[in-house]
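Worksheet: one structure, shown below.
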Amino acid sequence: MESTGKPNLSDAQNLDRSNDLYIKRTIHELFSLKGRVTVITGGARGIGLALAFAVAEAGSDVAILDILDEPHEHFALLQRGYGVKAKFYKTDITKYDVLKASFEAVVKDFGRIDGLITAAGICPDQPFLERSLEAVQRTFSINVFGSYFAAQLAAEQMVKQQADDNHAQGGSILMIASITAYQASKMQYLSDYCSSKGAILSLVRELGVELAEKRIRVNSISPGYMMTDMTLSISDTRPALAQVFVTEPPMRRMGDRSDLKGAAVYLLSDASGYVTGEDLLITGGMHAGRTHLK
Ligand SMILES: NC(=O)c1ccc[n+]([C@@H]2O[C@H](COP(=O)([O-])OP(=O)(O)OC[C@H]3O[C@@H](n4cnc5c(N)ncnc54)[C@H](O)[C@@H]3O)[C@@H](O)[C@H]2O)c1
């Protein structure tokens, strides 16, 4: 019967009233990624590599796409010791044809794509008045367009896949935004970086809505200062920033990449099955305020 938009008794009668699913679906099953395939851009090192370990520990196969020639040596551990398939594809995500070819190779090698993490990113630190068109375009090509088209290619594959005994319809996309999408960073000049991460937050909300009917969830995490090659090289060139990284967060330390692992598995797995268009801030409390300590 065509809906009139007005509530009536049959609406109430049509509600699915089975209410013991919460007993059947255990926390172990909800957080499991067993039998799934996760693609990670920028996973050759840094946050992306740590999240590769996270999803592998939860049972997922892993395909890493990165511009580097070789992934960090820890990638070999992932290939050996976790009982999952892990493969590296050298890929410049700013080149659409190259990105598309890597996604096609992943589907050929793994058979499907259930999850995507877009971790590839760069963080130039230079005053706004000195930024050139080419430099800003490069930031947006990697941080925004690369994430956008990786999500599109993953979603194209996800909508083709049928549900079976081991896989639900759809998939989950996790983007890496940043606290800098919300607030300027002390002693840093990040105009294009901040605005590129703001674009990711908007994209996540829009795709969360647009792809919901295709059963694809889209969320992000926004880390604060995390200890990676990116922040270490910033600290090396501007040592005063190393002090900022450990004194600004109320928790008075930089984030370790392990601080992001649980959130990533949560957002990729069925544990977050009713969460989409959301951003999770993981900042040692810095998004709430700055340290009270002197
Ligand atoms: N480290 C932090 O404190 C922090 C905080 C908030 C957000 N983030 C975000 O997390 C993500 C990962 O950062 P990270 O700290 O691990 O940095 P990282 O530099 O250690 O890793 C980034 C990875 O992206 C890859 N990459 C860069 N350009 C690429 C391209 N064109 N094609 C394919 N791969 C490319 C790099 O080779 C590298 O492996 C980034 O999006 C970053 O903006 C980092």
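Scheme for the structure tokens: letters A, B, ... for chains in order shown; per-chain residue numbers from 1; ligand numbers from 1 in order shown.
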Checklist entry - Within 8 Å of ligand 1, counting only C-alpha atoms and all ligand atoms: which residues, as an MDAnalysis selection string? => result chainID A and resid 41:49 65:68 71 90:95 118:123 141:143 146 176:180 193 197 222:231 255
Filtering to N, CA and C atoms, could you give me those residues as a CSV table (one decimal), in the first residue's frame?
chain,number,residue,atom,x,y,z
A,41,THR,N,44.9,3.0,1.6
A,41,THR,CA,45.8,4.0,0.9
A,41,THR,C,46.7,4.6,1.9
A,42,GLY,N,48.0,4.8,1.5
A,42,GLY,CA,49.0,5.3,2.4
A,42,GLY,C,49.3,4.4,3.5
A,43,GLY,N,49.2,3.1,3.3
A,43,GLY,CA,49.5,2.1,4.3
A,43,GLY,C,50.9,1.5,4.4
A,44,ALA,N,51.8,2.1,3.6
A,44,ALA,CA,53.2,1.6,3.6
A,44,ALA,C,53.9,2.0,4.9
A,45,ARG,N,53.4,3.0,5.6
A,45,ARG,CA,54.0,3.3,6.9
A,45,ARG,C,53.0,4.1,7.7
A,46,GLY,N,53.4,4.6,8.9
A,46,GLY,CA,52.6,5.6,9.6
A,46,GLY,C,51.3,5.0,10.1
A,47,ILE,N,50.3,5.8,10.2
A,47,ILE,CA,49.0,5.5,10.7
A,47,ILE,C,48.4,4.3,9.8
A,48,GLY,N,48.5,4.5,8.5
A,48,GLY,CA,47.9,3.5,7.6
A,48,GLY,C,48.5,2.1,7.9
A,49,LEU,N,49.8,2.0,8.1
A,49,LEU,CA,50.4,0.7,8.4
A,49,LEU,C,49.9,0.1,9.8
A,65,LEU,N,47.9,0.3,-0.7
A,65,LEU,CA,48.3,1.2,-1.9
A,65,LEU,C,49.1,2.4,-1.4
A,66,ASP,N,50.3,2.5,-1.9
A,66,ASP,CA,51.1,3.7,-1.5
A,66,ASP,C,52.1,4.0,-2.6
A,67,ILE,N,52.5,5.3,-2.6
A,67,ILE,CA,53.4,5.8,-3.6
A,67,ILE,C,54.8,5.4,-3.3
A,68,LEU,N,55.2,4.9,-2.1
A,68,LEU,CA,56.5,4.5,-1.8
A,68,LEU,C,56.9,3.2,-2.7
A,71,PRO,N,56.9,-1.0,1.2
A,71,PRO,CA,56.4,-0.6,2.5
A,71,PRO,C,57.5,-0.8,3.6
A,90,LYS,N,52.2,-0.6,-5.4
A,90,LYS,CA,52.8,0.7,-5.5
A,90,LYS,C,51.8,1.6,-6.4
A,91,THR,N,51.3,2.7,-5.8
A,91,THR,CA,50.2,3.4,-6.4
A,91,THR,C,50.3,4.9,-6.0
A,92,ASP,N,50.4,5.8,-7.0
A,92,ASP,CA,50.2,7.2,-6.8
A,92,ASP,C,48.7,7.5,-6.8
A,93,ILE,N,48.1,7.8,-5.7
A,93,ILE,CA,46.6,8.0,-5.7
A,93,ILE,C,46.2,9.2,-6.4
A,94,THR,N,47.1,10.1,-6.8
A,94,THR,CA,46.7,11.3,-7.5
A,94,THR,C,46.5,11.0,-9.0
A,95,LYS,N,46.9,9.9,-9.4
A,95,LYS,CA,46.8,9.5,-10.9
A,95,LYS,C,45.6,8.5,-11.0
A,118,THR,N,41.3,5.4,4.0
A,118,THR,CA,42.1,6.4,3.2
A,118,THR,C,43.0,7.1,4.2
A,119,ALA,N,44.2,6.6,4.2
A,119,ALA,CA,45.2,7.2,5.1
A,119,ALA,C,46.3,8.0,4.4
A,120,ALA,N,46.4,7.9,3.1
A,120,ALA,CA,47.4,8.7,2.4
A,120,ALA,C,47.2,10.2,2.6
A,121,GLY,N,48.3,10.9,2.9
A,121,GLY,CA,48.1,12.3,3.1
A,121,GLY,C,49.4,13.0,3.3
A,122,ILE,N,49.5,14.3,3.0
A,122,ILE,CA,50.7,15.1,3.2
A,122,ILE,C,50.3,16.3,4.1
A,123,CYS,N,51.3,16.9,4.8
A,123,CYS,CA,51.0,18.0,5.7
A,123,CYS,C,52.0,19.1,5.5
A,141,SER,N,45.1,17.3,-4.2
A,141,SER,CA,45.1,16.1,-5.0
A,141,SER,C,45.3,14.8,-4.2
A,142,ILE,N,46.2,14.9,-3.2
A,142,ILE,CA,46.4,13.7,-2.3
A,142,ILE,C,45.3,13.6,-1.3
A,143,ASN,N,45.2,14.7,-0.5
A,143,ASN,CA,44.3,14.5,0.7
A,143,ASN,C,42.8,14.5,0.4
A,146,GLY,N,42.4,12.2,-3.9
A,146,GLY,CA,42.8,10.8,-3.7
A,146,GLY,C,41.8,10.0,-2.8
A,176,ILE,N,40.7,9.3,7.1
A,176,ILE,CA,41.4,9.9,8.2
A,176,ILE,C,41.4,11.4,8.0
A,177,ALA,N,40.6,12.1,8.9
A,177,ALA,CA,40.6,13.6,8.8
A,177,ALA,C,41.6,14.1,9.8
A,178,SER,N,41.3,15.0,10.7
A,178,SER,CA,42.3,15.6,11.6
A,178,SER,C,41.7,16.6,12.5
A,179,ILE,N,42.2,16.7,13.7
A,179,ILE,CA,41.8,17.8,14.6
A,179,ILE,C,41.9,19.1,13.9
A,180,THR,N,42.8,19.2,12.9
A,180,THR,CA,43.0,20.5,12.3
A,180,THR,C,41.8,20.9,11.4
A,193,TYR,N,46.3,22.2,4.4
A,193,TYR,CA,46.1,20.9,5.1
A,193,TYR,C,44.8,21.0,5.9
A,197,LYS,N,41.3,18.7,5.2
A,197,LYS,CA,40.7,17.8,6.2
A,197,LYS,C,39.3,18.3,6.5
A,222,SER,N,39.5,11.6,13.5
A,222,SER,CA,40.3,12.8,13.5
A,222,SER,C,41.3,12.7,14.6
A,223,PRO,N,42.6,12.3,14.3
A,223,PRO,CA,43.6,12.2,15.3
A,223,PRO,C,44.1,13.6,15.6
A,224,GLY,N,44.7,13.7,16.9
A,224,GLY,CA,45.5,14.9,17.3
A,224,GLY,C,46.9,14.6,16.9
A,225,TYR,N,47.9,15.0,17.7
A,225,TYR,CA,49.3,14.8,17.4
A,225,TYR,C,49.7,13.3,17.6
A,226,MET,N,49.9,12.6,16.5
A,226,MET,CA,50.3,11.2,16.6
A,226,MET,C,51.8,11.0,16.2
A,227,MET,N,52.4,10.1,16.9
A,227,MET,CA,53.9,9.9,16.6
A,227,MET,C,54.0,9.1,15.3
A,228,THR,N,54.4,9.7,14.2
A,228,THR,CA,54.6,9.0,12.9
A,228,THR,C,55.8,9.7,12.2
A,229,ASP,N,56.2,9.2,11.1
A,229,ASP,CA,57.2,9.8,10.3
A,229,ASP,C,56.9,11.3,10.0
A,230,MET,N,55.5,11.5,9.7
A,230,MET,CA,55.1,12.8,9.4
A,230,MET,C,55.4,13.8,10.5
A,231,THR,N,55.0,13.5,11.7
A,231,THR,CA,55.3,14.4,12.9
A,231,THR,C,56.7,14.4,13.3
A,255,GLY,N,49.9,11.0,20.7
A,255,GLY,CA,49.2,9.7,20.5
A,255,GLY,C,50.2,8.7,19.9
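DSSP on the backbone gives helix (DSSP H, G or I) for these parts of region 9-38 of chain A: Leu9, Ser10, Asp11, Ala12, Gln13, Leu21, Tyr22, Ile23, Lys24, Ile27, His28, Glu29, Leu30 and Phe31 of chain A.
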Keeping only N, CA and C atoms, take the residues you just selected and write them out as a PDB file, in the first residue's frame.
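Listed below is the output, out-v8.pdb:
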ATOM      1  N   LEU A   9      -1.921   2.147  12.050  1.00  0.00           N
ATOM      2  CA  LEU A   9      -1.693   0.939  12.828  1.00  0.00           C
ATOM      3  C   LEU A   9      -0.772  -0.044  12.114  1.00  0.00           C
ATOM      4  N   SER A  10      -0.883  -0.147  10.766  1.00  0.00           N
ATOM      5  CA  SER A  10      -0.063  -1.134  10.062  1.00  0.00           C
ATOM      6  C   SER A  10       1.425  -0.780  10.154  1.00  0.00           C
ATOM      7  N   ASP A  11       1.742   0.521  10.258  1.00  0.00           N
ATOM      8  CA  ASP A  11       3.154   0.887  10.452  1.00  0.00           C
ATOM      9  C   ASP A  11       3.683   0.210  11.716  1.00  0.00           C
ATOM     10  N   ALA A  12       2.911   0.254  12.774  1.00  0.00           N
ATOM     11  CA  ALA A  12       3.335  -0.356  14.038  1.00  0.00           C
ATOM     12  C   ALA A  12       3.394  -1.875  13.900  1.00  0.00           C
ATOM     13  N   GLN A  13       2.391  -2.454  13.187  1.00  0.00           N
ATOM     14  CA  GLN A  13       2.377  -3.917  13.045  1.00  0.00           C
ATOM     15  C   GLN A  13       3.545  -4.408  12.199  1.00  0.00           C
ATOM     16  N   LEU A  21      18.354 -10.298  19.066  1.00  0.00           N
ATOM     17  CA  LEU A  21      19.575 -10.251  18.258  1.00  0.00           C
ATOM     18  C   LEU A  21      20.783  -9.857  19.116  1.00  0.00           C
ATOM     19  N   TYR A  22      20.537  -9.013  20.098  1.00  0.00           N
ATOM     20  CA  TYR A  22      21.648  -8.538  20.942  1.00  0.00           C
ATOM     21  C   TYR A  22      22.272  -9.673  21.757  1.00  0.00           C
ATOM     22  N   ILE A  23      21.531 -10.767  21.923  1.00  0.00           N
ATOM     23  CA  ILE A  23      22.102 -11.925  22.618  1.00  0.00           C
ATOM     24  C   ILE A  23      22.882 -12.786  21.618  1.00  0.00           C
ATOM     25  N   LYS A  24      22.294 -12.936  20.420  1.00  0.00           N
ATOM     26  CA  LYS A  24      22.935 -13.801  19.416  1.00  0.00           C
ATOM     27  C   LYS A  24      24.227 -13.197  18.887  1.00  0.00           C
ATOM     28  N   ILE A  27      29.916  -9.728  21.193  1.00  0.00           N
ATOM     29  CA  ILE A  27      30.855  -8.627  20.980  1.00  0.00           C
ATOM     30  C   ILE A  27      32.035  -9.107  20.106  1.00  0.00           C
ATOM     31  N   HIS A  28      32.406 -10.378  20.258  1.00  0.00           N
ATOM     32  CA  HIS A  28      33.513 -10.918  19.444  1.00  0.00           C
ATOM     33  C   HIS A  28      33.104 -10.959  17.969  1.00  0.00           C
ATOM     34  N   GLU A  29      31.874 -11.383  17.723  1.00  0.00           N
ATOM     35  CA  GLU A  29      31.399 -11.456  16.334  1.00  0.00           C
ATOM     36  C   GLU A  29      31.245 -10.044  15.755  1.00  0.00           C
ATOM     37  N   LEU A  30      30.718  -9.122  16.562  1.00  0.00           N
ATOM     38  CA  LEU A  30      30.487  -7.762  16.057  1.00  0.00           C
ATOM     39  C   LEU A  30      31.780  -7.061  15.647  1.00  0.00           C
ATOM     40  N   PHE A  31      32.856  -7.316  16.394  1.00  0.00           N
ATOM     41  CA  PHE A  31      34.132  -6.653  16.098  1.00  0.00           C
ATOM     42  C   PHE A  31      34.999  -7.449  15.106  1.00  0.00           C
TER      43      PHE A  31
END
Item to check | Nearest-residue call for Leu203 (chain A), choices A:Ile234, A:Val84, A:Met175, A:Val159, using only C-alpha atoms | outcome: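 Comparing A:Ile234, A:Val84, A:Met175, A:Val159 against Leu203 (chain A), the winner is A:Met175.
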Item to check | Atom-to-atom span, CA of Pro239 (chain A) and CA of Gln126 (chain A), Å | outcome: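 Atom-to-atom, CA of Pro239 (chain A) to CA of Gln126 (chain A), that is 15.6 Å.
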Identify, with DSSP run on backbone atoms, the residues in region 14-146 of chain A assigned to strand (DSSP E), and express the list as a short mmCIF file (atom, residue, chain, number, x, y, z; two decimals) with N, CA and C atoms, in the first residue's frame.
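Done, and the output landed in out.cif:
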data_model
loop_
_atom_site.label_atom_id
_atom_site.label_comp_id
_atom_site.auth_asym_id
_atom_site.auth_seq_id
_atom_site.Cartn_x
_atom_site.Cartn_y
_atom_site.Cartn_z
N VAL A 37 38.00 -8.14 3.18
CA VAL A 37 39.16 -7.58 2.49
C VAL A 37 39.15 -6.07 2.69
N THR A 38 40.26 -5.55 3.22
CA THR A 38 40.36 -4.10 3.49
C THR A 38 41.47 -3.49 2.65
N VAL A 39 41.15 -2.42 1.93
CA VAL A 39 42.15 -1.67 1.16
C VAL A 39 42.57 -0.46 2.00
N ILE A 40 43.87 -0.18 2.02
CA ILE A 40 44.37 0.97 2.81
C ILE A 40 45.27 1.82 1.94
N THR A 41 44.85 3.05 1.64
CA THR A 41 45.76 3.95 0.92
C THR A 41 46.73 4.55 1.95
N ASP A 61 41.91 -9.70 5.40
CA ASP A 61 43.00 -9.58 4.44
C ASP A 61 43.25 -8.09 4.19
N VAL A 62 44.47 -7.76 3.73
CA VAL A 62 44.84 -6.35 3.59
C VAL A 62 45.53 -6.09 2.26
N ALA A 63 45.07 -5.06 1.56
CA ALA A 63 45.74 -4.59 0.34
C ALA A 63 46.19 -3.15 0.59
N ILE A 64 47.49 -2.92 0.47
CA ILE A 64 48.03 -1.58 0.74
C ILE A 64 48.41 -0.89 -0.57
N LEU A 65 47.94 0.35 -0.73
CA LEU A 65 48.26 1.16 -1.91
C LEU A 65 49.06 2.36 -1.43
N ASP A 66 50.28 2.53 -1.95
CA ASP A 66 51.11 3.65 -1.48
C ASP A 66 52.09 4.04 -2.57
N ALA A 86 48.21 -10.44 2.75
CA ALA A 86 48.55 -9.01 2.74
C ALA A 86 49.41 -8.73 1.51
N LYS A 87 49.02 -7.72 0.73
CA LYS A 87 49.74 -7.44 -0.51
C LYS A 87 49.94 -5.92 -0.67
N PHE A 88 51.07 -5.57 -1.28
CA PHE A 88 51.39 -4.15 -1.48
C PHE A 88 51.29 -3.79 -2.97
N TYR A 89 50.67 -2.66 -3.28
CA TYR A 89 50.54 -2.19 -4.66
C TYR A 89 51.10 -0.77 -4.72
N LYS A 90 52.20 -0.61 -5.42
CA LYS A 90 52.77 0.75 -5.55
C LYS A 90 51.79 1.59 -6.37
N GLY A 115 36.16 -3.22 2.95
CA GLY A 115 36.49 -2.03 3.74
C GLY A 115 37.55 -1.20 3.04
N LEU A 116 37.54 0.08 3.30
CA LEU A 116 38.57 1.00 2.77
C LEU A 116 38.98 1.95 3.87
N ILE A 117 40.29 2.14 4.01
CA ILE A 117 40.81 3.20 4.87
C ILE A 117 41.62 4.14 3.98
N THR A 118 41.29 5.43 4.00
CA THR A 118 42.06 6.39 3.21
C THR A 118 43.01 7.12 4.15
#
Checklist entry - So how many Å separate CA of Gly171 (chain A) and CA of Asp270 (chain A), to one decimal? => result 9.7 Å
Next on the checklist: Set the distance at 12 Å and use only C-alpha atoms: which residues neighbour Leu174 (chain A) once local chain neighbours fewer than 5 positions away are removed? I'd like the list as a ChimeraX atom specification.
Outcome noted: /A:38-41,48,51,55,114-119,147-148,150-151,154-155,200-201,203-205,207-208,216-222,260,263-269,272,275-280
Selected residues written out with N, CA and C atoms, as a tab-separated table (two decimals), in the first residue's frame:
chain	number	residue	atom	x	y	z
A	38	THR	N	40.26	-5.55	3.22
A	38	THR	CA	40.36	-4.10	3.49
A	38	THR	C	41.47	-3.49	2.65
A	39	VAL	N	41.15	-2.42	1.93
A	39	VAL	CA	42.15	-1.67	1.16
A	39	VAL	C	42.57	-0.46	2.00
A	40	ILE	N	43.87	-0.18	2.02
A	40	ILE	CA	44.37	0.97	2.81
A	40	ILE	C	45.27	1.82	1.94
A	41	THR	N	44.85	3.05	1.64
A	41	THR	CA	45.76	3.95	0.92
A	41	THR	C	46.73	4.55	1.95
A	48	GLY	N	48.50	4.47	8.49
A	48	GLY	CA	47.92	3.46	7.60
A	48	GLY	C	48.47	2.07	7.89
A	51	LEU	N	47.06	0.68	11.09
A	51	LEU	CA	45.68	0.24	10.92
A	51	LEU	C	45.61	-1.04	10.08
A	55	VAL	N	43.39	-4.24	11.37
A	55	VAL	CA	42.36	-5.00	10.65
A	55	VAL	C	42.79	-6.46	10.46
A	114	ASP	N	35.66	-5.16	1.10
A	114	ASP	CA	34.65	-4.92	2.13
A	114	ASP	C	34.90	-3.63	2.89
A	115	GLY	N	36.16	-3.22	2.95
A	115	GLY	CA	36.49	-2.03	3.74
A	115	GLY	C	37.55	-1.20	3.04
A	116	LEU	N	37.54	0.08	3.30
A	116	LEU	CA	38.57	1.00	2.77
A	116	LEU	C	38.98	1.95	3.87
A	117	ILE	N	40.29	2.14	4.01
A	117	ILE	CA	40.81	3.20	4.87
A	117	ILE	C	41.62	4.14	3.98
A	118	THR	N	41.29	5.43	4.00
A	118	THR	CA	42.06	6.39	3.21
A	118	THR	C	43.01	7.12	4.15
A	119	ALA	N	44.25	6.62	4.22
A	119	ALA	CA	45.22	7.21	5.14
A	119	ALA	C	46.32	8.00	4.42
A	147	SER	N	41.41	10.64	-1.72
A	147	SER	CA	40.45	9.97	-0.83
A	147	SER	C	39.10	9.83	-1.51
A	148	TYR	N	38.69	10.88	-2.21
A	148	TYR	CA	37.39	10.89	-2.90
A	148	TYR	C	37.31	9.74	-3.91
A	150	ALA	N	39.35	7.10	-4.28
A	150	ALA	CA	39.53	5.77	-3.66
A	150	ALA	C	38.17	5.31	-3.12
A	151	ALA	N	37.44	6.22	-2.48
A	151	ALA	CA	36.12	5.87	-1.94
A	151	ALA	C	35.16	5.50	-3.07
A	154	ALA	N	36.13	2.04	-4.40
A	154	ALA	CA	35.75	1.00	-3.44
A	154	ALA	C	34.23	0.81	-3.45
A	155	ALA	N	33.49	1.91	-3.46
A	155	ALA	CA	32.02	1.81	-3.43
A	155	ALA	C	31.49	1.15	-4.70
A	200	ILE	N	37.26	16.61	3.99
A	200	ILE	CA	37.02	15.18	4.31
A	200	ILE	C	35.82	15.05	5.26
A	201	LEU	N	35.74	15.91	6.26
A	201	LEU	CA	34.59	15.84	7.18
A	201	LEU	C	33.28	16.02	6.44
A	203	LEU	N	32.74	15.51	3.22
A	203	LEU	CA	32.55	14.37	2.32
A	203	LEU	C	31.99	13.17	3.09
A	204	VAL	N	32.51	12.95	4.29
A	204	VAL	CA	32.05	11.82	5.11
A	204	VAL	C	30.56	11.96	5.43
A	205	ARG	N	30.14	13.16	5.80
A	205	ARG	CA	28.72	13.35	6.13
A	205	ARG	C	27.85	13.14	4.88
A	207	LEU	N	28.58	11.45	2.02
A	207	LEU	CA	28.58	10.05	1.57
A	207	LEU	C	27.86	9.14	2.56
A	208	GLY	N	27.96	9.48	3.85
A	208	GLY	CA	27.24	8.70	4.86
A	208	GLY	C	25.76	8.64	4.53
A	216	ILE	N	26.47	1.04	2.48
A	216	ILE	CA	27.87	1.39	2.68
A	216	ILE	C	27.91	2.50	3.73
A	217	ARG	N	28.64	2.23	4.82
A	217	ARG	CA	28.77	3.25	5.86
A	217	ARG	C	30.07	4.03	5.64
A	218	VAL	N	30.05	5.31	5.96
A	218	VAL	CA	31.22	6.16	5.74
A	218	VAL	C	31.46	6.99	7.00
A	219	ASN	N	32.63	6.83	7.59
A	219	ASN	CA	32.96	7.55	8.82
A	219	ASN	C	34.41	8.02	8.76
A	220	SER	N	34.80	8.81	9.75
A	220	SER	CA	36.21	9.24	9.80
A	220	SER	C	36.70	9.22	11.23
A	221	ILE	N	38.03	9.22	11.36
A	221	ILE	CA	38.63	9.53	12.65
A	221	ILE	C	39.47	10.79	12.48
A	222	SER	N	39.50	11.59	13.52
A	222	SER	CA	40.31	12.81	13.51
A	222	SER	C	41.34	12.72	14.62
A	260	LEU	N	44.82	4.35	17.87
A	260	LEU	CA	43.81	4.45	16.79
A	260	LEU	C	43.26	3.10	16.36
A	263	ALA	N	39.53	2.11	17.37
A	263	ALA	CA	38.53	2.94	16.69
A	263	ALA	C	38.36	2.50	15.24
A	264	ALA	N	39.48	2.15	14.60
A	264	ALA	CA	39.40	1.74	13.18
A	264	ALA	C	38.63	0.44	13.05
A	265	VAL	N	38.94	-0.53	13.91
A	265	VAL	CA	38.23	-1.82	13.82
A	265	VAL	C	36.75	-1.61	14.15
A	266	TYR	N	36.48	-0.79	15.14
A	266	TYR	CA	35.07	-0.48	15.48
A	266	TYR	C	34.33	0.07	14.27
A	267	LEU	N	34.92	1.07	13.62
A	267	LEU	CA	34.20	1.75	12.52
A	267	LEU	C	34.13	0.90	11.25
A	268	LEU	N	35.06	-0.05	11.09
A	268	LEU	CA	34.99	-0.92	9.90
A	268	LEU	C	34.09	-2.13	10.12
A	269	SER	N	33.86	-2.48	11.37
A	269	SER	CA	33.18	-3.75	11.66
A	269	SER	C	31.69	-3.52	11.92
A	272	SER	N	29.86	-1.14	14.64
A	272	SER	CA	29.36	0.23	14.40
A	272	SER	C	28.28	0.20	13.30
A	275	VAL	N	26.23	3.29	12.63
A	275	VAL	CA	26.99	4.55	12.68
A	275	VAL	C	27.42	4.92	11.27
A	276	THR	N	27.02	6.07	10.81
A	276	THR	CA	27.54	6.56	9.53
A	276	THR	C	27.53	8.08	9.52
A	277	GLY	N	28.40	8.65	8.67
A	277	GLY	CA	28.48	10.12	8.58
A	277	GLY	C	29.09	10.74	9.83
A	278	GLU	N	29.84	9.93	10.60
A	278	GLU	CA	30.32	10.38	11.91
A	278	GLU	C	31.84	10.57	11.90
A	279	ASP	N	32.33	11.47	12.75
A	279	ASP	CA	33.77	11.64	12.95
A	279	ASP	C	34.09	11.38	14.41
A	280	LEU	N	35.15	10.65	14.65
A	280	LEU	CA	35.56	10.33	16.02
A	280	LEU	C	36.90	11.03	16.28
Item to check | Of the listed residues A:Met254, A:Leu190, A:Ala58, A:Leu153, that which approaches Ile173 (chain A) most closely, counting only C-alpha atoms | outcome: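 Using only C-alpha atoms, Ile173 (chain A) sits closest to A:Leu153.
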Against region 281-293 of chain A, which residues of region 233-253 of chain A fall within 9 Å? For each one I want the closest pair of atoms and the distance in Å (one decimal), counting only C-alpha atoms, rows by chain and increasing residue number, as a tab-separated table.
residue	atom	partner	partner_atom	distance
A:Thr247	CA	A:Thr291	CA	7.3
A:Glu248	CA	A:Arg290	CA	5.8
A:Pro249	CA	A:Met286	CA	4.7
A:Pro250	CA	A:Thr291	CA	4.0
A:Met251	CA	A:Gly284	CA	5.2
A:Arg252	CA	A:Thr291	CA	7.4
A:Arg253	CA	A:Gly284	CA	7.6
Now that the selection is made, can you save its residues with C-alpha atoms as a compact mmCIF listing (two decimals), in the first residue's frame?
# COMPACT_ATOMS: atom_id res chain seq x y z
CA THR A 247 52.39 19.75 26.23
CA GLU A 248 49.20 20.85 24.44
CA PRO A 249 47.05 17.72 24.85
CA PRO A 250 45.43 17.45 28.31
CA MET A 251 46.89 13.92 28.46
CA ARG A 252 50.36 15.48 28.06
CA ARG A 253 51.66 13.04 25.49
Checklist entry - Interatomic distance between CA of Glu104 (chain A) and CA of Phe149 (chain A)? => result 13.5 Å
